[in-house]
Amino acid sequence: DRHTSNSHDVVMDDNHWLSEWQRGVLDLCVLHILADGPTYGYSIAARLTDAGFADVKGGTLYPLLKRLEGAGLVDVEWRPGEAGPGRKFYLINTAGRQRLMALTASWQRYSTTVTRLLDEGSLS
């Protein structure tokens with residue numbers, strides 16, 4: 001299924017839209033993963049993939065984690081490696097949990113709105 005944008009004459013396929021949607025909810029999903037306990041970047045990426053997200057690259061994930069840290073939503077802790085270099089673990093803090101609750105409520109309202117709209121009419 002393809003859509004051509006009249007303004008830019010660009011063909012946008014499903015992968016384009018899925019990528020845009022994923023980018024929009026990635027902060028929420030990463031905070032949700034961190035709410036389960038301290039973890040490191042590779043593990044976060046694996047959980048996202050297991051959940052059905054497209055492959056989340058380090059160039060997307062690590063800047064996001066840095067933004068969450070800079071916003072005071074996560075704390076960082078270096079832990080020694082068992083058989084190699086140490087790992088940087090990310091821990092959600094109180095402010096991060098509050099942000100997670102707010103984002104979750106916003107997402108639920110938004111997704112309900114979109115679902116309601118899509119359920120209104122038929123696809124003819």
# chains A, B, ... in the order shown; residues from 1 in each chain; ligands from 1
>>> residues_around(residues="A:Val56", least_positions_apart="5", cutoff="9 Å", atoms="only C-alpha atoms", output="list in words")
Ala45, Ala46, Leu48, Thr49 and Leu61 of chain A
>>> write_last_selection(atoms="N, CA and C atoms", output="JSON list (two decimals), in the first residue's frame")
[["chain", "number", "residue", "atom", "x", "y", "z"],
["A", 45, "ALA", "N", 17.31, -2.70, 23.78],
["A", 45, "ALA", "CA", 17.07, -2.90, 22.35],
["A", 45, "ALA", "C", 16.48, -4.29, 22.08],
["A", 46, "ALA", "N", 16.99, -5.31, 22.78],
["A", 46, "ALA", "CA", 16.49, -6.67, 22.59],
["A", 46, "ALA", "C", 15.03, -6.77, 23.05],
["A", 48, "LEU", "N", 12.83, -4.36, 23.07],
["A", 48, "LEU", "CA", 12.01, -3.66, 22.07],
["A", 48, "LEU", "C", 11.79, -4.56, 20.85],
["A", 49, "THR", "N", 12.84, -5.23, 20.39],
["A", 49, "THR", "CA", 12.73, -6.14, 19.25],
["A", 49, "THR", "C", 11.79, -7.29, 19.58],
["A", 61, "LEU", "N", 18.84, 4.65, 20.01],
["A", 61, "LEU", "CA", 18.61, 4.33, 21.41],
["A", 61, "LEU", "C", 19.51, 5.12, 22.36]]
>>> select_by_dssp(residues="chain A", states="alpha helix (DSSP H)", output="PDB file with N, CA and C atoms, in the first residue's frame")
ATOM      1  N   ASP A  14       4.571   1.584   4.009  1.00  0.00           N
ATOM      2  CA  ASP A  14       4.225   1.245   5.390  1.00  0.00           C
ATOM      3  C   ASP A  14       5.422   1.367   6.328  1.00  0.00           C
ATOM      4  N   ASN A  15       6.612   1.001   5.862  1.00  0.00           N
ATOM      5  CA  ASN A  15       7.793   1.075   6.723  1.00  0.00           C
ATOM      6  C   ASN A  15       8.066   2.500   7.184  1.00  0.00           C
ATOM      7  N   HIS A  16       7.815   3.472   6.295  1.00  0.00           N
ATOM      8  CA  HIS A  16       7.995   4.874   6.672  1.00  0.00           C
ATOM      9  C   HIS A  16       7.071   5.227   7.826  1.00  0.00           C
ATOM     10  N   TRP A  17       5.801   4.865   7.708  1.00  0.00           N
ATOM     11  CA  TRP A  17       4.840   5.207   8.752  1.00  0.00           C
ATOM     12  C   TRP A  17       5.136   4.467  10.043  1.00  0.00           C
ATOM     13  N   LEU A  18       5.468   3.183   9.957  1.00  0.00           N
ATOM     14  CA  LEU A  18       5.794   2.420  11.156  1.00  0.00           C
ATOM     15  C   LEU A  18       6.997   3.032  11.877  1.00  0.00           C
ATOM     16  N   SER A  19       7.981   3.481  11.122  1.00  0.00           N
ATOM     17  CA  SER A  19       9.158   4.108  11.701  1.00  0.00           C
ATOM     18  C   SER A  19       8.782   5.419  12.403  1.00  0.00           C
ATOM     19  N   GLU A  20       7.929   6.212  11.781  1.00  0.00           N
ATOM     20  CA  GLU A  20       7.474   7.469  12.395  1.00  0.00           C
ATOM     21  C   GLU A  20       6.703   7.201  13.679  1.00  0.00           C
ATOM     22  N   TRP A  21       5.800   6.237  13.652  1.00  0.00           N
ATOM     23  CA  TRP A  21       5.012   5.902  14.840  1.00  0.00           C
ATOM     24  C   TRP A  21       5.925   5.391  15.952  1.00  0.00           C
ATOM     25  N   GLN A  22       6.876   4.539  15.587  1.00  0.00           N
ATOM     26  CA  GLN A  22       7.810   3.981  16.568  1.00  0.00           C
ATOM     27  C   GLN A  22       8.594   5.101  17.239  1.00  0.00           C
ATOM     28  N   ARG A  23       9.085   6.033  16.448  1.00  0.00           N
ATOM     29  CA  ARG A  23       9.860   7.147  16.991  1.00  0.00           C
ATOM     30  C   ARG A  23       9.019   7.932  18.002  1.00  0.00           C
ATOM     31  N   GLY A  24       7.721   8.057  17.718  1.00  0.00           N
ATOM     32  CA  GLY A  24       6.837   8.823  18.583  1.00  0.00           C
ATOM     33  C   GLY A  24       6.583   8.197  19.940  1.00  0.00           C
ATOM     34  N   VAL A  25       6.703   6.894  20.052  1.00  0.00           N
ATOM     35  CA  VAL A  25       6.395   6.219  21.328  1.00  0.00           C
ATOM     36  C   VAL A  25       7.628   5.594  21.988  1.00  0.00           C
ATOM     37  N   LEU A  26       8.785   5.797  21.411  1.00  0.00           N
ATOM     38  CA  LEU A  26       9.981   5.134  21.924  1.00  0.00           C
ATOM     39  C   LEU A  26      10.340   5.577  23.344  1.00  0.00           C
ATOM     40  N   ASP A  27      10.226   6.868  23.670  1.00  0.00           N
ATOM     41  CA  ASP A  27      10.519   7.325  25.029  1.00  0.00           C
ATOM     42  C   ASP A  27       9.627   6.592  26.030  1.00  0.00           C
ATOM     43  N   LEU A  28       8.339   6.537  25.729  1.00  0.00           N
ATOM     44  CA  LEU A  28       7.380   5.865  26.594  1.00  0.00           C
ATOM     45  C   LEU A  28       7.768   4.398  26.792  1.00  0.00           C
ATOM     46  N   CYS A  29       8.088   3.715  25.710  1.00  0.00           N
ATOM     47  CA  CYS A  29       8.399   2.285  25.789  1.00  0.00           C
ATOM     48  C   CYS A  29       9.707   2.021  26.527  1.00  0.00           C
ATOM     49  N   VAL A  30      10.705   2.877  26.340  1.00  0.00           N
ATOM     50  CA  VAL A  30      11.976   2.704  27.051  1.00  0.00           C
ATOM     51  C   VAL A  30      11.778   2.955  28.546  1.00  0.00           C
ATOM     52  N   LEU A  31      11.026   3.986  28.909  1.00  0.00           N
ATOM     53  CA  LEU A  31      10.743   4.219  30.327  1.00  0.00           C
ATOM     54  C   LEU A  31       9.993   3.025  30.930  1.00  0.00           C
ATOM     55  N   HIS A  32       9.083   2.459  30.158  1.00  0.00           N
ATOM     56  CA  HIS A  32       8.330   1.285  30.629  1.00  0.00           C
ATOM     57  C   HIS A  32       9.276   0.104  30.898  1.00  0.00           C
ATOM     58  N   ILE A  33      10.204  -0.118  29.996  1.00  0.00           N
ATOM     59  CA  ILE A  33      11.186  -1.197  30.176  1.00  0.00           C
ATOM     60  C   ILE A  33      12.033  -0.926  31.414  1.00  0.00           C
ATOM     61  N   LEU A  34      12.461   0.317  31.593  1.00  0.00           N
ATOM     62  CA  LEU A  34      13.293   0.662  32.742  1.00  0.00           C
ATOM     63  C   LEU A  34      12.541   0.535  34.066  1.00  0.00           C
ATOM     64  N   GLY A  41      21.821  -0.817  27.573  1.00  0.00           N
ATOM     65  CA  GLY A  41      21.323  -0.504  26.231  1.00  0.00           C
ATOM     66  C   GLY A  41      20.994  -1.706  25.367  1.00  0.00           C
ATOM     67  N   TYR A  42      21.911  -2.658  25.277  1.00  0.00           N
ATOM     68  CA  TYR A  42      21.674  -3.810  24.412  1.00  0.00           C
ATOM     69  C   TYR A  42      20.435  -4.583  24.852  1.00  0.00           C
ATOM     70  N   SER A  43      20.261  -4.718  26.156  1.00  0.00           N
ATOM     71  CA  SER A  43      19.101  -5.430  26.689  1.00  0.00           C
ATOM     72  C   SER A  43      17.806  -4.680  26.372  1.00  0.00           C
ATOM     73  N   ILE A  44      17.845  -3.354  26.459  1.00  0.00           N
ATOM     74  CA  ILE A  44      16.671  -2.539  26.115  1.00  0.00           C
ATOM     75  C   ILE A  44      16.312  -2.763  24.652  1.00  0.00           C
ATOM     76  N   ALA A  45      17.305  -2.700  23.781  1.00  0.00           N
ATOM     77  CA  ALA A  45      17.067  -2.903  22.346  1.00  0.00           C
ATOM     78  C   ALA A  45      16.481  -4.291  22.084  1.00  0.00           C
ATOM     79  N   ALA A  46      16.993  -5.311  22.775  1.00  0.00           N
ATOM     80  CA  ALA A  46      16.489  -6.675  22.593  1.00  0.00           C
ATOM     81  C   ALA A  46      15.035  -6.774  23.049  1.00  0.00           C
ATOM     82  N   ARG A  47      14.689  -6.136  24.159  1.00  0.00           N
ATOM     83  CA  ARG A  47      13.305  -6.158  24.643  1.00  0.00           C
ATOM     84  C   ARG A  47      12.376  -5.470  23.644  1.00  0.00           C
ATOM     85  N   LEU A  48      12.830  -4.362  23.066  1.00  0.00           N
ATOM     86  CA  LEU A  48      12.014  -3.662  22.068  1.00  0.00           C
ATOM     87  C   LEU A  48      11.787  -4.557  20.847  1.00  0.00           C
ATOM     88  N   THR A  49      12.840  -5.232  20.392  1.00  0.00           N
ATOM     89  CA  THR A  49      12.731  -6.140  19.251  1.00  0.00           C
ATOM     90  C   THR A  49      11.787  -7.287  19.577  1.00  0.00           C
ATOM     91  N   ASP A  50      11.939  -7.872  20.763  1.00  0.00           N
ATOM     92  CA  ASP A  50      11.064  -8.970  21.183  1.00  0.00           C
ATOM     93  C   ASP A  50       9.603  -8.538  21.246  1.00  0.00           C
ATOM     94  N   GLY A  58      21.605   1.544  17.780  1.00  0.00           N
ATOM     95  CA  GLY A  58      22.273   2.289  18.839  1.00  0.00           C
ATOM     96  C   GLY A  58      22.253   3.787  18.596  1.00  0.00           C
ATOM     97  N   GLY A  59      22.300   4.185  17.323  1.00  0.00           N
ATOM     98  CA  GLY A  59      22.273   5.605  16.978  1.00  0.00           C
ATOM     99  C   GLY A  59      20.945   6.267  17.300  1.00  0.00           C
ATOM    100  N   THR A  60      19.920   5.468  17.544  1.00  0.00           N
ATOM    101  CA  THR A  60      18.615   5.987  17.987  1.00  0.00           C
ATOM    102  C   THR A  60      18.485   5.820  19.498  1.00  0.00           C
ATOM    103  N   LEU A  61      18.838   4.648  20.011  1.00  0.00           N
ATOM    104  CA  LEU A  61      18.611   4.326  21.414  1.00  0.00           C
ATOM    105  C   LEU A  61      19.506   5.119  22.363  1.00  0.00           C
ATOM    106  N   TYR A  62      20.810   5.192  22.094  1.00  0.00           N
ATOM    107  CA  TYR A  62      21.714   5.828  23.053  1.00  0.00           C
ATOM    108  C   TYR A  62      21.494   7.335  23.167  1.00  0.00           C
ATOM    109  N   PRO A  63      21.229   8.053  22.085  1.00  0.00           N
ATOM    110  CA  PRO A  63      20.879   9.472  22.254  1.00  0.00           C
ATOM    111  C   PRO A  63      19.564   9.649  23.042  1.00  0.00           C
ATOM    112  N   LEU A  64      18.610   8.737  22.858  1.00  0.00           N
ATOM    113  CA  LEU A  64      17.358   8.791  23.618  1.00  0.00           C
ATOM    114  C   LEU A  64      17.657   8.600  25.108  1.00  0.00           C
ATOM    115  N   LEU A  65      18.481   7.608  25.447  1.00  0.00           N
ATOM    116  CA  LEU A  65      18.842   7.375  26.843  1.00  0.00           C
ATOM    117  C   LEU A  65      19.577   8.585  27.423  1.00  0.00           C
ATOM    118  N   LYS A  66      20.432   9.204  26.623  1.00  0.00           N
ATOM    119  CA  LYS A  66      21.159  10.405  27.068  1.00  0.00           C
ATOM    120  C   LYS A  66      20.178  11.551  27.323  1.00  0.00           C
ATOM    121  N   ARG A  67      19.156  11.694  26.467  1.00  0.00           N
ATOM    122  CA  ARG A  67      18.129  12.731  26.671  1.00  0.00           C
ATOM    123  C   ARG A  67      17.343  12.470  27.953  1.00  0.00           C
ATOM    124  N   LEU A  68      16.975  11.196  28.198  1.00  0.00           N
ATOM    125  CA  LEU A  68      16.251  10.847  29.412  1.00  0.00           C
ATOM    126  C   LEU A  68      17.101  11.145  30.650  1.00  0.00           C
ATOM    127  N   GLU A  69      18.390  10.859  30.548  1.00  0.00           N
ATOM    128  CA  GLU A  69      19.308  11.160  31.653  1.00  0.00           C
ATOM    129  C   GLU A  69      19.407  12.676  31.858  1.00  0.00           C
ATOM    130  N   GLY A  70      19.585  13.410  30.763  1.00  0.00           N
ATOM    131  CA  GLY A  70      19.692  14.868  30.834  1.00  0.00           C
ATOM    132  C   GLY A  70      18.436  15.529  31.381  1.00  0.00           C
ATOM    133  N   THR A  94      12.441   8.540  40.495  1.00  0.00           N
ATOM    134  CA  THR A  94      11.094   8.982  40.850  1.00  0.00           C
ATOM    135  C   THR A  94      10.504   9.900  39.779  1.00  0.00           C
ATOM    136  N   ALA A  95      11.289  10.840  39.298  1.00  0.00           N
ATOM    137  CA  ALA A  95      10.803  11.742  38.241  1.00  0.00           C
ATOM    138  C   ALA A  95      10.478  10.952  36.969  1.00  0.00           C
ATOM    139  N   GLY A  96      11.287   9.947  36.667  1.00  0.00           N
ATOM    140  CA  GLY A  96      11.036   9.110  35.496  1.00  0.00           C
ATOM    141  C   GLY A  96       9.751   8.307  35.631  1.00  0.00           C
ATOM    142  N   ARG A  97       9.488   7.807  36.817  1.00  0.00           N
ATOM    143  CA  ARG A  97       8.237   7.058  37.055  1.00  0.00           C
ATOM    144  C   ARG A  97       7.028   7.976  36.911  1.00  0.00           C
ATOM    145  N   GLN A  98       7.149   9.204  37.410  1.00  0.00           N
ATOM    146  CA  GLN A  98       6.053  10.164  37.260  1.00  0.00           C
ATOM    147  C   GLN A  98       5.826  10.483  35.781  1.00  0.00           C
ATOM    148  N   ARG A  99       6.916  10.656  35.043  1.00  0.00           N
ATOM    149  CA  ARG A  99       6.802  10.941  33.601  1.00  0.00           C
ATOM    150  C   ARG A  99       6.200   9.737  32.876  1.00  0.00           C
ATOM    151  N   LEU A 100       6.606   8.534  33.267  1.00  0.00           N
ATOM    152  CA  LEU A 100       6.054   7.315  32.668  1.00  0.00           C
ATOM    153  C   LEU A 100       4.549   7.248  32.881  1.00  0.00           C
ATOM    154  N   MET A 101       4.091   7.548  34.081  1.00  0.00           N
ATOM    155  CA  MET A 101       2.645   7.513  34.352  1.00  0.00           C
ATOM    156  C   MET A 101       1.909   8.552  33.505  1.00  0.00           C
ATOM    157  N   ALA A 102       2.484   9.750  33.392  1.00  0.00           N
ATOM    158  CA  ALA A 102       1.845  10.803  32.600  1.00  0.00           C
ATOM    159  C   ALA A 102       1.815  10.434  31.115  1.00  0.00           C
ATOM    160  N   LEU A 103       2.941   9.930  30.599  1.00  0.00           N
ATOM    161  CA  LEU A 103       2.988   9.529  29.190  1.00  0.00           C
ATOM    162  C   LEU A 103       2.046   8.366  28.904  1.00  0.00           C
ATOM    163  N   THR A 104       1.958   7.421  29.837  1.00  0.00           N
ATOM    164  CA  THR A 104       1.057   6.276  29.658  1.00  0.00           C
ATOM    165  C   THR A 104      -0.384   6.750  29.566  1.00  0.00           C
ATOM    166  N   ALA A 105      -0.787   7.660  30.446  1.00  0.00           N
ATOM    167  CA  ALA A 105      -2.156   8.195  30.412  1.00  0.00           C
ATOM    168  C   ALA A 105      -2.404   8.946  29.110  1.00  0.00           C
ATOM    169  N   SER A 106      -1.435   9.738  28.671  1.00  0.00           N
ATOM    170  CA  SER A 106      -1.579  10.476  27.404  1.00  0.00           C
ATOM    171  C   SER A 106      -1.694   9.515  26.228  1.00  0.00           C
ATOM    172  N   TRP A 107      -0.850   8.479  26.209  1.00  0.00           N
ATOM    173  CA  TRP A 107      -0.894   7.496  25.125  1.00  0.00           C
ATOM    174  C   TRP A 107      -2.245   6.792  25.092  1.00  0.00           C
ATOM    175  N   GLN A 108      -2.764   6.421  26.248  1.00  0.00           N
ATOM    176  CA  GLN A 108      -4.049   5.724  26.289  1.00  0.00           C
ATOM    177  C   GLN A 108      -5.167   6.612  25.748  1.00  0.00           C
ATOM    178  N   ARG A 109      -5.156   7.896  26.111  1.00  0.00           N
ATOM    179  CA  ARG A 109      -6.161   8.822  25.566  1.00  0.00           C
ATOM    180  C   ARG A 109      -6.011   8.954  24.049  1.00  0.00           C
ATOM    181  N   TYR A 110      -4.778   9.128  23.602  1.00  0.00           N
ATOM    182  CA  TYR A 110      -4.516   9.319  22.179  1.00  0.00           C
ATOM    183  C   TYR A 110      -4.886   8.077  21.374  1.00  0.00           C
ATOM    184  N   SER A 111      -4.470   6.914  21.831  1.00  0.00           N
ATOM    185  CA  SER A 111      -4.759   5.688  21.081  1.00  0.00           C
ATOM    186  C   SER A 111      -6.259   5.402  21.066  1.00  0.00           C
ATOM    187  N   THR A 112      -6.965   5.732  22.146  1.00  0.00           N
ATOM    188  CA  THR A 112      -8.420   5.579  22.172  1.00  0.00           C
ATOM    189  C   THR A 112      -9.067   6.502  21.142  1.00  0.00           C
ATOM    190  N   THR A 113      -8.552   7.722  21.040  1.00  0.00           N
ATOM    191  CA  THR A 113      -9.081   8.687  20.071  1.00  0.00           C
ATOM    192  C   THR A 113      -8.892   8.180  18.641  1.00  0.00           C
ATOM    193  N   VAL A 114      -7.692   7.695  18.338  1.00  0.00           N
ATOM    194  CA  VAL A 114      -7.413   7.191  16.986  1.00  0.00           C
ATOM    195  C   VAL A 114      -8.270   5.961  16.694  1.00  0.00           C
ATOM    196  N   THR A 115      -8.356   5.049  17.637  1.00  0.00           N
ATOM    197  CA  THR A 115      -9.175   3.837  17.443  1.00  0.00           C
ATOM    198  C   THR A 115     -10.623   4.205  17.221  1.00  0.00           C
ATOM    199  N   ARG A 116     -11.144   5.135  17.993  1.00  0.00           N
ATOM    200  CA  ARG A 116     -12.530   5.566  17.837  1.00  0.00           C
ATOM    201  C   ARG A 116     -12.755   6.133  16.429  1.00  0.00           C
ATOM    202  N   LEU A 117     -11.823   6.958  15.968  1.00  0.00           N
ATOM    203  CA  LEU A 117     -11.941   7.533  14.629  1.00  0.00           C
ATOM    204  C   LEU A 117     -11.916   6.440  13.561  1.00  0.00           C
ATOM    205  N   LEU A 118     -10.997   5.507  13.683  1.00  0.00           N
ATOM    206  CA  LEU A 118     -10.870   4.445  12.685  1.00  0.00           C
ATOM    207  C   LEU A 118     -12.072   3.520  12.691  1.00  0.00           C
ATOM    208  N   ASP A 119     -12.714   3.359  13.845  1.00  0.00           N
ATOM    209  CA  ASP A 119     -13.880   2.489  13.951  1.00  0.00           C
ATOM    210  C   ASP A 119     -15.154   3.160  13.446  1.00  0.00           C
ATOM    211  N   GLU A 120     -15.129   4.484  13.253  1.00  0.00           N
ATOM    212  CA  GLU A 120     -16.333   5.229  12.845  1.00  0.00           C
ATOM    213  C   GLU A 120     -16.832   4.858  11.466  1.00  0.00           C
TER     214      GLU A 120
END
>>> atom_distance(atom1="atom CA of A:Ala35", atom2="atom CA of A:Leu91")
7.9 Å
>>> select_by_dssp(residues="chain A", states="strand (DSSP E or B)", output="ChimeraX atom specification")
/A:3-4,11-12,39-40,74-79,87-92
>>> closest_residue(among="A:Lys57, A:Ile92, A:Gly52, A:Tyr40", to="A:Trp78", atoms="only C-alpha atoms")
A:Tyr40
